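Shown below: input_36.cif, with mmCIF, C-alpha atoms.
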data_protein
#
loop_
_atom_site.label_atom_id
_atom_site.label_comp_id
_atom_site.auth_asym_id
_atom_site.auth_seq_id
_atom_site.Cartn_x
_atom_site.Cartn_y
_atom_site.Cartn_z
CA MET A 1 -61.40 -7.38 -157.58
CA TYR A 2 -62.96 -6.27 -154.35
CA ALA A 3 -65.15 -8.87 -152.71
CA PHE A 4 -68.86 -8.94 -153.56
CA SER A 5 -71.86 -11.16 -153.00
CA TYR A 6 -73.14 -13.10 -155.97
CA GLN A 7 -76.70 -14.02 -156.82
CA ARG A 8 -78.15 -15.87 -159.74
CA PRO A 9 -81.90 -15.28 -159.82
CA ARG A 10 -84.18 -17.52 -161.89
CA SER A 11 -86.76 -14.91 -162.84
CA LEU A 12 -86.95 -11.24 -163.68
CA ALA A 13 -88.97 -10.58 -160.52
CA GLU A 14 -86.28 -12.22 -158.39
CA ALA A 15 -83.61 -10.18 -160.16
CA ALA A 16 -85.51 -6.95 -159.55
CA ALA A 17 -85.81 -7.81 -155.86
CA ALA A 18 -82.11 -8.64 -155.61
CA LEU A 19 -81.24 -5.38 -157.30
CA GLN A 20 -82.73 -3.50 -154.36
CA ALA A 21 -79.54 -4.20 -152.39
CA GLU A 22 -77.39 -1.12 -151.98
CA ASP A 23 -74.76 -0.87 -154.73
CA ALA A 24 -75.94 -4.04 -156.43
CA LYS A 25 -75.01 -4.35 -160.09
CA LEU A 26 -76.39 -6.52 -162.87
CA LEU A 27 -74.03 -8.93 -164.60
CA GLY A 28 -74.65 -9.75 -168.26
CA GLY A 29 -71.82 -11.49 -170.10
CA GLY A 30 -69.34 -9.53 -168.01
CA GLN A 31 -67.04 -8.59 -170.87
CA THR A 32 -66.94 -4.96 -169.74
CA LEU A 33 -67.96 -5.27 -166.11
CA LEU A 34 -65.42 -7.93 -165.11
CA PRO A 35 -62.41 -6.05 -166.54
CA THR A 36 -63.72 -2.96 -164.73
CA LEU A 37 -63.92 -4.87 -161.46
CA LYS A 38 -60.49 -6.42 -161.99
CA GLN A 39 -59.04 -2.93 -162.19
CA ARG A 40 -60.92 -2.00 -159.06
CA LEU A 41 -62.70 0.81 -160.85
CA ALA A 42 -66.00 -0.25 -159.30
CA ARG A 43 -66.97 -1.78 -156.01
CA PRO A 44 -70.47 -3.29 -156.17
CA SER A 45 -71.87 -4.93 -153.03
CA ASP A 46 -73.68 -7.59 -155.06
CA LEU A 47 -73.48 -8.95 -158.57
CA ILE A 48 -76.81 -10.15 -159.91
CA ASP A 49 -76.04 -12.61 -162.71
CA LEU A 50 -78.83 -12.51 -165.31
CA GLY A 51 -77.65 -15.70 -167.01
CA ALA A 52 -80.28 -18.06 -165.61
CA ILE A 53 -83.42 -16.12 -166.47
CA PRO A 54 -85.28 -17.76 -169.39
CA GLU A 55 -87.45 -14.70 -170.11
CA LEU A 56 -84.35 -12.67 -171.04
CA LYS A 57 -83.24 -15.06 -173.76
CA GLY A 58 -84.11 -15.75 -177.33
CA ILE A 59 -84.78 -14.13 -180.67
CA ARG A 60 -88.27 -13.97 -182.17
CA GLU A 61 -90.17 -12.21 -184.89
CA ALA A 62 -92.40 -9.47 -183.55
CA GLY A 63 -94.38 -6.74 -185.26
CA GLY A 64 -92.67 -7.21 -188.60
CA GLY A 65 -89.24 -6.98 -186.99
CA LEU A 66 -87.29 -8.80 -184.32
CA GLU A 67 -87.46 -8.93 -180.56
CA ILE A 68 -84.19 -10.01 -179.01
CA GLY A 69 -83.90 -10.91 -175.34
CA ALA A 70 -81.46 -8.85 -173.30
CA PHE A 71 -79.39 -11.90 -172.35
CA THR A 72 -78.84 -12.94 -175.96
CA ARG A 73 -75.15 -13.20 -176.69
CA HIS A 74 -73.57 -11.43 -179.66
CA ALA A 75 -72.60 -14.78 -181.21
CA GLU A 76 -76.22 -15.94 -181.10
CA VAL A 77 -77.36 -12.84 -182.97
CA ALA A 78 -74.50 -13.21 -185.45
CA HIS A 79 -75.36 -16.85 -186.19
CA SER A 80 -79.15 -16.70 -186.04
CA ASP A 81 -80.89 -17.74 -189.27
CA LEU A 82 -83.84 -15.59 -188.25
CA VAL A 83 -81.69 -12.48 -187.86
CA HIS A 84 -79.95 -13.23 -191.17
CA ARG A 85 -83.34 -13.43 -192.87
CA VAL A 86 -85.09 -10.46 -191.26
CA ILE A 87 -82.27 -7.96 -190.54
CA PRO A 88 -79.00 -9.26 -192.00
CA ALA A 89 -77.24 -5.98 -191.17
CA LEU A 90 -77.84 -6.66 -187.48
CA ALA A 91 -76.23 -10.10 -187.72
CA SER A 92 -73.26 -8.56 -189.47
CA LEU A 93 -72.93 -5.87 -186.77
CA ALA A 94 -72.96 -8.55 -184.06
CA GLU A 95 -70.32 -10.56 -185.93
CA GLY A 96 -68.01 -7.54 -185.80
CA ILE A 97 -68.13 -6.94 -182.04
CA GLY A 98 -64.91 -7.61 -180.14
CA ASP A 99 -63.52 -11.02 -180.93
CA ARG A 100 -65.00 -14.53 -181.08
CA GLN A 101 -64.61 -15.14 -177.34
CA VAL A 102 -66.09 -11.80 -176.38
CA ARG A 103 -69.04 -12.47 -178.72
CA ASN A 104 -69.57 -15.83 -177.04
CA MET A 105 -70.09 -14.09 -173.70
CA GLY A 106 -71.22 -10.50 -174.27
CA THR A 107 -74.93 -9.73 -174.37
CA LEU A 108 -77.17 -7.23 -176.14
CA GLY A 109 -78.65 -5.94 -172.88
CA GLY A 110 -75.25 -5.54 -171.30
CA SER A 111 -73.96 -3.60 -174.26
CA ILE A 112 -76.79 -1.08 -174.42
CA ALA A 113 -77.16 -0.66 -170.64
CA ASN A 114 -73.44 0.12 -170.43
CA ALA A 115 -73.79 2.62 -173.29
CA ASP A 116 -70.12 2.81 -174.14
CA PRO A 117 -69.72 5.67 -176.62
CA SER A 118 -67.80 3.31 -178.94
CA ALA A 119 -70.11 0.29 -178.67
CA ASP A 120 -71.73 -1.03 -181.86
CA TYR A 121 -75.25 -1.97 -180.75
CA PRO A 122 -76.39 1.59 -179.90
CA ALA A 123 -76.13 2.46 -183.61
CA ALA A 124 -78.48 -0.41 -184.47
CA VAL A 125 -80.94 0.45 -181.70
CA VAL A 126 -81.26 4.00 -182.99
CA ALA A 127 -81.13 3.33 -186.74
CA LEU A 128 -83.54 0.39 -186.64
CA LYS A 129 -86.23 2.34 -184.73
CA GLY A 130 -85.44 0.21 -181.73
CA THR A 131 -87.58 0.02 -178.64
CA VAL A 132 -85.99 -0.98 -175.36
CA LEU A 133 -88.36 -3.12 -173.30
CA THR A 134 -87.68 -3.07 -169.57
CA ASP A 135 -89.30 -4.73 -166.61
CA ARG A 136 -91.45 -1.64 -166.16
CA ARG A 137 -91.94 0.16 -169.54
CA GLU A 138 -90.94 0.66 -173.17
CA ILE A 139 -88.32 3.24 -174.06
CA ALA A 140 -87.88 4.51 -177.63
CA GLY A 141 -84.37 3.86 -178.94
CA ASP A 142 -84.05 7.54 -179.83
CA GLU A 143 -84.51 8.42 -176.15
CA PHE A 144 -82.59 5.58 -174.56
CA PHE A 145 -79.00 6.81 -174.89
CA THR A 146 -78.66 10.05 -172.97
CA GLY A 147 -74.91 10.54 -172.79
CA MET A 148 -71.53 8.90 -172.34
CA PHE A 149 -72.23 5.70 -170.38
CA GLU A 150 -75.65 7.13 -169.57
CA THR A 151 -79.10 5.86 -170.44
CA ALA A 152 -82.73 6.61 -169.65
CA LEU A 153 -82.83 3.59 -167.32
CA GLU A 154 -83.94 4.38 -163.79
CA PRO A 155 -82.20 2.90 -160.76
CA GLY A 156 -83.23 -0.72 -160.41
CA GLU A 157 -84.74 -0.93 -163.91
CA ILE A 158 -83.81 -4.01 -165.96
CA VAL A 159 -83.62 -4.26 -169.74
CA ARG A 160 -85.76 -7.22 -170.80
CA ALA A 161 -85.44 -7.15 -174.59
CA VAL A 162 -84.95 -4.88 -177.57
CA ARG A 163 -87.36 -4.67 -180.48
CA PHE A 164 -85.89 -3.76 -183.88
CA ALA A 165 -87.92 -2.78 -186.95
CA ALA A 166 -87.06 -4.60 -190.17
CA PRO A 167 -85.75 -2.09 -192.74
CA ASP A 168 -86.01 -2.37 -196.53
CA LYS A 169 -82.26 -1.95 -196.73
CA ALA A 170 -79.59 -1.49 -194.10
CA ALA A 171 -75.90 -1.86 -193.40
CA TYR A 172 -73.41 -1.02 -190.69
CA ALA A 173 -69.90 0.15 -191.53
CA LYS A 174 -67.30 0.53 -188.86
CA PHE A 175 -63.78 1.84 -188.69
CA ARG A 176 -62.51 -0.11 -185.77
CA ASN A 177 -59.68 0.30 -183.37
CA PRO A 178 -57.42 -2.60 -184.37
CA ALA A 179 -56.53 -3.40 -180.74
CA SER A 180 -59.83 -3.06 -178.89
CA ARG A 181 -62.07 -3.56 -181.95
CA TYR A 182 -64.36 -0.88 -180.63
CA ALA A 183 -65.71 1.54 -183.19
CA ILE A 184 -63.58 4.63 -183.68
CA VAL A 185 -66.52 5.48 -185.88
CA GLY A 186 -69.44 3.22 -186.80
CA VAL A 187 -72.36 4.25 -188.97
CA PHE A 188 -75.61 2.32 -189.30
CA VAL A 189 -77.76 3.30 -192.28
CA ALA A 190 -81.30 1.98 -192.55
CA ARG A 191 -83.96 2.72 -195.15
CA PHE A 192 -87.65 2.32 -194.38
CA GLY A 193 -89.61 3.26 -197.51
CA ALA A 194 -89.10 6.99 -198.00
CA GLU A 195 -87.46 7.37 -194.59
CA VAL A 196 -83.73 6.93 -194.01
CA ARG A 197 -82.07 6.79 -190.62
CA VAL A 198 -78.35 7.28 -190.08
CA ALA A 199 -77.00 6.53 -186.60
CA VAL A 200 -73.40 7.26 -185.67
CA THR A 201 -71.51 5.60 -182.82
CA GLY A 202 -67.92 6.04 -181.66
CA ALA A 203 -67.69 9.61 -182.90
CA GLY A 204 -69.40 11.48 -180.07
CA GLY A 205 -70.15 11.05 -176.39
CA SER A 206 -73.15 8.98 -177.30
CA VAL A 207 -74.80 7.63 -180.43
CA PHE A 208 -76.43 10.35 -182.56
CA ARG A 209 -78.36 10.69 -185.80
CA ALA A 210 -76.89 12.56 -188.75
CA GLY A 211 -79.94 14.55 -189.89
CA ALA A 212 -78.40 16.11 -192.97
CA PHE A 213 -77.24 12.69 -194.16
CA GLU A 214 -80.72 11.29 -193.64
CA THR A 215 -82.33 14.06 -195.70
CA ALA A 216 -79.83 13.65 -198.51
CA LEU A 217 -80.21 9.87 -198.60
CA ALA A 218 -84.00 10.05 -198.45
CA ALA A 219 -83.88 12.08 -201.67
CA ASP A 220 -81.20 9.95 -203.32
CA PHE A 221 -80.09 6.69 -201.69
CA ARG A 222 -76.61 6.59 -203.16
CA ALA A 223 -73.20 7.18 -201.58
CA GLU A 224 -72.67 10.13 -203.93
CA ALA A 225 -75.57 11.90 -202.26
CA LEU A 226 -73.31 12.39 -199.24
CA ASN A 227 -70.57 14.20 -201.19
CA GLY A 228 -69.62 17.40 -199.40
CA LEU A 229 -71.65 16.60 -196.29
CA SER A 230 -70.05 16.48 -192.85
CA VAL A 231 -71.36 16.19 -189.31
CA GLY A 232 -68.87 18.84 -188.20
CA THR A 233 -66.53 18.52 -185.25
CA ASP A 234 -68.71 19.99 -182.48
CA GLY A 235 -69.08 17.50 -179.65
CA LEU A 236 -66.99 14.81 -181.31
CA ASN A 237 -64.48 12.78 -179.34
CA ALA A 238 -60.77 13.40 -179.66
CA ASP A 239 -58.22 11.00 -178.22
CA LEU A 240 -54.92 9.39 -179.10
CA HIS A 241 -56.66 7.23 -181.71
CA ALA A 242 -58.34 9.95 -183.71
CA SER A 243 -58.87 13.71 -183.60
CA ALA A 244 -62.34 15.21 -183.84
CA GLU A 245 -61.57 16.30 -187.42
CA TYR A 246 -60.55 12.78 -188.39
CA ARG A 247 -63.64 11.30 -186.77
CA ALA A 248 -65.86 13.77 -188.64
CA HIS A 249 -64.16 12.72 -191.86
CA LEU A 250 -64.67 9.05 -191.01
CA VAL A 251 -68.38 9.55 -190.36
CA THR A 252 -68.91 10.56 -193.99
CA VAL A 253 -66.66 7.77 -195.28
CA MET A 254 -68.36 5.09 -193.16
CA ALA A 255 -71.83 6.39 -194.05
CA LYS A 256 -70.94 6.09 -197.75
CA ARG A 257 -69.63 2.58 -197.23
CA ALA A 258 -72.79 1.61 -195.37
CA VAL A 259 -74.99 2.97 -198.17
CA GLU A 260 -72.97 1.01 -200.74
CA ALA A 261 -73.15 -2.15 -198.64
CA ALA A 262 -76.90 -1.71 -198.18
CA GLY A 263 -77.18 -1.72 -201.99
CA MET B 1 -69.05 -15.57 -147.93
CA PRO B 2 -67.98 -18.47 -150.15
CA SER B 3 -70.37 -19.99 -152.65
CA THR B 4 -70.58 -23.53 -153.93
CA VAL B 5 -69.87 -24.08 -157.59
CA THR B 6 -70.46 -27.29 -159.51
CA MET B 7 -69.35 -27.85 -163.07
CA THR B 8 -68.13 -30.60 -165.33
CA VAL B 9 -64.48 -30.12 -166.18
CA ASN B 10 -63.08 -32.36 -168.89
CA GLY B 11 -65.89 -34.84 -168.30
CA LYS B 12 -65.53 -34.96 -164.53
CA THR B 13 -68.03 -33.32 -162.18
CA VAL B 14 -66.37 -31.10 -159.59
CA THR B 15 -67.92 -29.23 -156.68
CA ARG B 16 -65.92 -26.69 -154.71
CA GLU B 17 -66.39 -23.77 -152.37
CA VAL B 18 -65.11 -20.59 -153.99
CA GLU B 19 -64.93 -16.97 -153.10
CA GLU B 20 -67.46 -15.17 -155.34
CA ARG B 21 -64.81 -13.10 -157.09
CA THR B 22 -62.83 -16.16 -158.20
CA LEU B 23 -62.17 -16.06 -161.92
CA LEU B 24 -62.77 -19.19 -163.96
CA VAL B 25 -59.08 -19.32 -164.90
CA THR B 26 -58.04 -19.10 -161.26
CA PHE B 27 -60.47 -21.86 -160.40
CA LEU B 28 -59.08 -24.11 -163.14
CA ARG B 29 -55.42 -23.43 -162.43
CA GLU B 30 -55.28 -22.99 -158.68
CA THR B 31 -58.24 -24.93 -157.33
CA LEU B 32 -58.17 -27.80 -159.80
CA GLY B 33 -54.47 -27.66 -160.70
CA LEU B 34 -55.17 -27.59 -164.45
CA THR B 35 -52.30 -25.33 -165.41
CA GLY B 36 -52.51 -25.96 -169.15
CA THR B 37 -54.79 -22.92 -169.36
CA HIS B 38 -52.47 -19.93 -169.27
CA VAL B 39 -52.83 -16.38 -168.03
CA GLY B 40 -51.17 -14.08 -170.51
CA CYS B 41 -52.41 -10.52 -170.36
CA ASP B 42 -55.19 -10.93 -167.77
CA THR B 43 -57.09 -8.20 -169.65
CA SER B 44 -59.08 -10.28 -172.18
CA GLN B 45 -56.80 -9.30 -175.05
CA CYS B 46 -54.45 -12.22 -175.62
CA GLY B 47 -56.53 -15.40 -175.52
CA ALA B 48 -53.96 -17.61 -173.75
CA CYS B 49 -56.71 -18.46 -171.25
CA VAL B 50 -59.32 -19.66 -173.77
CA VAL B 51 -61.36 -22.68 -172.67
CA HIS B 52 -64.70 -24.04 -173.85
CA VAL B 53 -67.81 -23.49 -171.76
CA ASP B 54 -70.67 -25.60 -173.10
CA GLY B 55 -68.74 -25.87 -176.36
CA ARG B 56 -68.18 -22.13 -176.85
CA SER B 57 -64.71 -20.63 -176.58
CA VAL B 58 -64.45 -18.02 -173.85
CA LYS B 59 -61.66 -16.12 -172.16
CA SER B 60 -61.50 -17.66 -168.72
CA CYS B 61 -59.72 -14.60 -167.29
CA THR B 62 -62.90 -12.64 -167.99
CA ALA B 63 -65.48 -14.98 -166.52
CA LEU B 64 -66.30 -15.83 -162.94
CA ALA B 65 -66.12 -19.46 -161.90
CA LEU B 66 -69.70 -18.99 -160.70
CA GLN B 67 -70.84 -17.98 -164.20
CA ALA B 68 -69.87 -21.50 -165.28
CA ASP B 69 -71.96 -23.12 -162.56
CA GLY B 70 -73.75 -26.09 -164.09
CA ALA B 71 -71.76 -25.85 -167.32
CA ALA B 72 -69.45 -28.28 -169.08
CA VAL B 73 -65.95 -26.85 -169.29
CA THR B 74 -63.21 -28.24 -171.53
CA THR B 75 -59.61 -27.17 -171.09
CA ILE B 76 -56.59 -28.08 -173.19
CA GLU B 77 -56.05 -31.06 -170.86
CA GLY B 78 -59.45 -32.42 -171.89
CA LEU B 79 -58.94 -32.27 -175.63
CA ALA B 80 -56.86 -35.41 -176.19
CA ALA B 81 -58.52 -38.82 -176.07
CA ALA B 82 -58.40 -40.84 -172.85
CA ASP B 83 -55.62 -43.02 -174.28
CA GLY B 84 -53.48 -39.95 -174.91
CA THR B 85 -54.12 -39.71 -178.65
CA LEU B 86 -53.91 -36.05 -179.48
CA HIS B 87 -56.94 -34.23 -180.81
CA PRO B 88 -56.49 -33.66 -184.58
CA MET B 89 -55.97 -29.94 -183.95
CA GLN B 90 -53.25 -30.62 -181.36
CA ALA B 91 -51.60 -33.08 -183.74
CA ALA B 92 -51.70 -30.48 -186.52
CA PHE B 93 -50.05 -27.86 -184.30
CA ARG B 94 -47.24 -30.32 -183.59
CA GLU B 95 -46.91 -31.44 -187.20
CA HIS B 96 -46.80 -27.88 -188.59
CA HIS B 97 -44.88 -26.42 -185.69
CA GLY B 98 -47.70 -24.00 -184.94
CA LEU B 99 -45.80 -22.53 -182.03
CA GLN B 100 -42.58 -20.85 -181.07
CA CYS B 101 -42.35 -20.44 -177.31
CA GLY B 102 -45.65 -22.29 -176.84
CA PHE B 103 -47.20 -20.00 -174.26
CA CYS B 104 -50.18 -19.00 -176.41
CA THR B 105 -50.65 -22.51 -177.81
CA PRO B 106 -53.35 -23.86 -175.43
CA GLY B 107 -55.55 -20.85 -176.16
CA MET B 108 -54.79 -20.99 -179.89
CA VAL B 109 -55.77 -24.65 -180.05
CA MET B 110 -58.98 -24.16 -178.07
CA SER B 111 -59.98 -21.18 -180.21
CA ALA B 112 -59.12 -23.08 -183.40
CA VAL B 113 -61.30 -26.03 -182.44
CA ASP B 114 -64.25 -23.69 -181.77
CA LEU B 115 -63.60 -21.84 -185.03
CA VAL B 116 -63.58 -25.05 -187.07
CA ARG B 117 -66.80 -26.24 -185.45
CA ASP B 118 -68.55 -23.17 -186.90
CA ASN B 119 -66.66 -23.23 -190.16
CA PRO B 120 -65.39 -26.72 -191.04
CA SER B 121 -63.25 -25.63 -193.99
CA PRO B 122 -62.03 -22.12 -193.30
CA THR B 123 -59.89 -20.16 -195.73
CA GLU B 124 -56.58 -18.68 -194.63
CA GLN B 125 -58.24 -15.28 -194.30
CA GLU B 126 -61.08 -16.70 -192.22
CA ILE B 127 -58.58 -18.35 -189.89
CA ARG B 128 -56.62 -15.15 -189.45
CA GLU B 129 -59.83 -13.26 -188.67
CA GLY B 130 -61.21 -16.09 -186.55
CA LEU B 131 -58.13 -16.05 -184.35
CA GLU B 132 -58.22 -12.30 -183.79
CA GLY B 133 -58.82 -12.89 -180.09
CA ASN B 134 -55.54 -14.75 -179.71
CA ILE B 135 -52.16 -13.10 -179.69
CA CYS B 136 -48.81 -14.80 -180.29
CA ARG B 137 -46.07 -12.62 -178.86
CA CYS B 138 -43.49 -14.54 -180.89
CA THR B 139 -45.51 -13.51 -183.97
CA GLY B 140 -45.56 -17.13 -185.10
CA TYR B 141 -48.85 -16.71 -186.90
CA HIS B 142 -47.85 -18.18 -190.22
CA ASN B 143 -47.39 -21.72 -188.96
CA ILE B 144 -50.36 -21.37 -186.62
CA VAL B 145 -52.57 -20.63 -189.61
CA LYS B 146 -51.07 -23.59 -191.51
CA ALA B 147 -51.69 -25.80 -188.50
CA VAL B 148 -55.32 -24.71 -188.21
CA MET B 149 -55.91 -25.38 -191.91
CA ALA B 150 -54.46 -28.88 -191.52
CA GLY B 151 -56.30 -29.41 -188.24
CA ALA B 152 -59.59 -28.43 -189.88
CA GLU B 153 -59.02 -30.98 -192.64
CA ALA B 154 -58.11 -33.65 -190.10
CA MET B 155 -61.20 -32.84 -188.02
CA ALA B 156 -63.38 -33.13 -191.14
CA GLY B 157 -61.68 -36.48 -191.86
CA THR B 158 -62.42 -37.69 -188.34
CA GLU B 159 -66.05 -36.67 -188.74
CA SER B 160 -66.47 -38.41 -192.10
CA ALA B 161 -64.69 -41.50 -190.75
CA LYS B 162 -67.23 -41.50 -187.91
CA VAL B 163 -70.11 -41.20 -190.37
CA ALA B 164 -68.62 -43.98 -192.53
CA ALA B 165 -68.26 -46.21 -189.48
CA GLU B 166 -71.91 -45.71 -188.59
#

Rewritten as structure tokens:
Amino acid sequence: MYAFSYQRPRSLAEAAAALQAEDAKLLGGGQTLLPTLKQRLARPSDLIDLGAIPELKGIREAGGGLEIGAFTRHAEVAHSDLVHRVIPALASLAEGIGDRQVRNMGTLGGSIANADPSADYPAAVVALKGTVLTDRREIAGDEFFTGMFETALEPGEIVRAVRFAAPDKAAYAKFRNPASRYAIVGVFVARFGAEVRVAVTGAGGSVFRAGAFETALAADFRAEALNGLSVGTDGLNADLHASAEYRAHLVTVMAKRAVEAAG
Amino acid sequence: MPSTVTMTVNGKTVTREVEERTLLVTFLRETLGLTGTHVGCDTSQCGACVVHVDGRSVKSCTALALQADGAAVTTIEGLAAADGTLHPMQAAFREHHGLQCGFCTPGMVMSAVDLVRDNPSPTEQEIREGLEGNICRCTGYHNIVKAVMAGAEAMAGTESAKVAAE
């Protein structure tokens, strides 16, 4: 790692002030940022550790759904009785991120702000009508992820929490890379009354909704309703793990599994 | 510019000046001389560096020492009792030969203890999944899983003995 200055603010306002430093970067759990720094792929002047800010922590019921603080670790979401009761699919998604040690450190805010195309949480933010609450505004989940590692966050803006709507039924199915445990393809299916949302991560440059799947499932919420449907290969990722064709195939398979798991 | 870090390591409070970029594992091994925590891959894959921070298992190669400021850290050296009696999980690893070369063992034991705290009587499958963050290059998983099953039982026994004593 290159040398950097380290700060551990006690409030969101202090963090925002510290973030004014040139090339300052926020540190969540560090499970992506620290490996990046160790490989000298980034050279921040300052790391602003968000770990000591009470207003970024905790899980509470809000507006019929859940509001989860940005500095809530994946393990806390996975083990929360409240999450299990209100949105069990979200707890199960969190339980499938990385490995036990990564889940003990990694945070919700860190995951979505990094916007890795293969991260799990973006699928939940989009499928569960998420709203990203920052220190200056609210951003609709559908508008938050703008590209590969890119979000609607402005320079210096800090994710405070994420609000998720509670669906009638939901499940997340992921075909994971056995080494990294990132999603080669992950599909989050959520049903809200007559509306169905299908969010796909891992397959493209950024999370996206599968509109044709949503229409089919809104009419008939069964895996069979997806027979013959495909998201196509346009814009899908291709790498040594999976071709675009294979990823497109997996999107349908994972969507079917998610529908079955949602019951 | 160095920063001051204070944490409790194996029950003892330590305060040191560290360079900000110091990893927790480097702090434990090089500053404190606790070399039981190993560096295997240094890329958060292998789990040889697992320690507990406030009771949660973490990969100390992927945490800054400063992130553990104010925390209670337990390393493999802190698991046995003060009189040298092995922790039930350590004893089970010895009994069931849950190791081949032994390099991954400290991390395996620390992960296993954390796993059993969440799930006091794990099935074989749950152990295999629960240890997914730990790699044994000798591929000695079979006895490791047996050791964790026995260690979990022994830990439950210790707990019920404690309850009975109270």

Worksheet entry | Which residue of B:Arg137, B:Ala71, B:Val109, B:Val58 approaches chain A most closely, using only C-alpha atoms |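 Checking each candidate against chain A, we get B:Val58 as the closest.
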
Discussion item. Taking 3 positions as the minimum chain separation for residues in the same chain, which residues sit within 12 Å of range 90-106 of chain B when counting only C-alpha atoms? Answer as a PyMOL selection string.
Written reply: chain B and resi 34-41+45-52+57+59+74-81+84-87+109-113+131+133-155

Discussion item. When you look at His241 in chain A with a cut-off of 10 Å (counting all atoms listed in the file), what residues show up, excluding the ones that are within fewer than 5 positions of it in the same chain? I need them as a PyMOL selection string.
Written reply: chain A and resi 177+184+246-247

Item to complete: Taking the file above as input, evaluate the PyMOL selection byres ((chain B) within 10 of (chain A)) and report the hits as a PyMOL selection string.
Response: chain B and resi 1-3+19-23+42-45+47+50-53+56-64+66-69+111+114-115+118+129-134

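Proximity to Asp54 in chain B was assessed for B:Ala72, B:Asn119, B:Val9, B:Val18 counting all atoms listed in the file; the smallest distance is recorded for B:Ala72.
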
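Counting from CA of Ala127 in chain A, the distance to CA of Thr233 in chain A is 21.1 Å.
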
Worksheet item: What is the distance, in Å and to one decimal place, between CA of Ala15 in chain A and CA of Leu108 in chain A?
Response: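 A separation of 17.5 Å between them.
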
What would the selection look like, as a compact mmCIF listing (two decimals) with C-alpha atoms, in the coordinates of the input, if the PyMOL selection byres ((chain A and resi 137-141) around 12) were run on the coordinates I just shared?
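Saved as expr14.txt:
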# COMPACT_ATOMS: atom_id res chain seq x y z
CA ILE A 112 -76.79 -1.08 -174.42
CA ALA A 113 -77.16 -0.66 -170.64
CA TYR A 121 -75.25 -1.97 -180.75
CA PRO A 122 -76.39 1.59 -179.90
CA ALA A 123 -76.13 2.46 -183.61
CA ALA A 124 -78.48 -0.41 -184.47
CA VAL A 125 -80.94 0.45 -181.70
CA VAL A 126 -81.26 4.00 -182.99
CA ALA A 127 -81.13 3.33 -186.74
CA LEU A 128 -83.54 0.39 -186.64
CA LYS A 129 -86.23 2.34 -184.73
CA GLY A 130 -85.44 0.21 -181.73
CA THR A 131 -87.58 0.02 -178.64
CA VAL A 132 -85.99 -0.98 -175.36
CA LEU A 133 -88.36 -3.12 -173.30
CA THR A 134 -87.68 -3.07 -169.57
CA ASP A 135 -89.30 -4.73 -166.61
CA ARG A 136 -91.45 -1.64 -166.16
CA ASP A 142 -84.05 7.54 -179.83
CA GLU A 143 -84.51 8.42 -176.15
CA PHE A 144 -82.59 5.58 -174.56
CA PHE A 145 -79.00 6.81 -174.89
CA THR A 146 -78.66 10.05 -172.97
CA THR A 151 -79.10 5.86 -170.44
CA ALA A 152 -82.73 6.61 -169.65
CA LEU A 153 -82.83 3.59 -167.32
CA GLU A 154 -83.94 4.38 -163.79
CA GLU A 157 -84.74 -0.93 -163.91
CA ILE A 158 -83.81 -4.01 -165.96
CA VAL A 159 -83.62 -4.26 -169.74
CA ARG A 160 -85.76 -7.22 -170.80
CA ALA A 161 -85.44 -7.15 -174.59
CA VAL A 162 -84.95 -4.88 -177.57
CA ARG A 163 -87.36 -4.67 -180.48
CA PHE A 164 -85.89 -3.76 -183.88
CA ALA A 165 -87.92 -2.78 -186.95
CA ALA A 199 -77.00 6.53 -186.60
CA VAL A 207 -74.80 7.63 -180.43
CA PHE A 208 -76.43 10.35 -182.56
CA ARG A 209 -78.36 10.69 -185.80

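This file, queried with the PyMOL selection byres ((chain A and resi 260) around 12), gives the residues Lys169, Ala170, Ala171, Tyr172, Ala173, Phe188, Val189, Ala190, Leu217, Phe221, Arg222, Ala223, Glu224, Ala225, Leu226, Val253, Met254, Ala255, Lys256, Arg257, Ala258, Val259, Ala261, Ala262 and Gly263 of chain A.
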
Worksheet, complete the sentence: The distance between CA of Glu124 in chain B and CA of Ser92 in chain A is 20.2 Å

Worksheet item: Which protein, DNA or RNA residues have an atom at most 9 Å from (-69.5, 3.0, -172.9), counting only C-alpha atoms? List them as a ChimeraX atom specification.
Response: /A:32,111-119,148-150,205-206

Generate the missing atoms of range 193-198 of chain A up to N, CA and C atoms and report them as a PDB file, in the coordinates of the input.
ATOM      1  N   GLY A 193     -88.823   2.527-196.516  1.00  0.00           N
ATOM      2  CA  GLY A 193     -89.610   3.260-197.510  1.00  0.00           C
ATOM      3  C   GLY A 193     -88.936   4.565-197.843  1.00  0.00           C
ATOM      4  N   ALA A 194     -89.655   5.677-197.653  1.00  0.00           N
ATOM      5  CA  ALA A 194     -89.100   6.990-198.000  1.00  0.00           C
ATOM      6  C   ALA A 194     -88.208   7.534-196.877  1.00  0.00           C
ATOM      7  N   GLU A 195     -88.215   6.862-195.732  1.00  0.00           N
ATOM      8  CA  GLU A 195     -87.460   7.370-194.590  1.00  0.00           C
ATOM      9  C   GLU A 195     -86.095   6.692-194.491  1.00  0.00           C
ATOM     10  N   VAL A 196     -85.066   7.494-194.219  1.00  0.00           N
ATOM     11  CA  VAL A 196     -83.730   6.930-194.010  1.00  0.00           C
ATOM     12  C   VAL A 196     -83.223   7.378-192.647  1.00  0.00           C
ATOM     13  N   ARG A 197     -82.648   6.450-191.924  1.00  0.00           N
ATOM     14  CA  ARG A 197     -82.070   6.790-190.620  1.00  0.00           C
ATOM     15  C   ARG A 197     -80.581   6.482-190.641  1.00  0.00           C
ATOM     16  N   VAL A 198     -79.809   7.431-190.126  1.00  0.00           N
ATOM     17  CA  VAL A 198     -78.350   7.280-190.080  1.00  0.00           C
ATOM     18  C   VAL A 198     -77.915   7.493-188.634  1.00  0.00           C
TER      19      VAL A 198
END
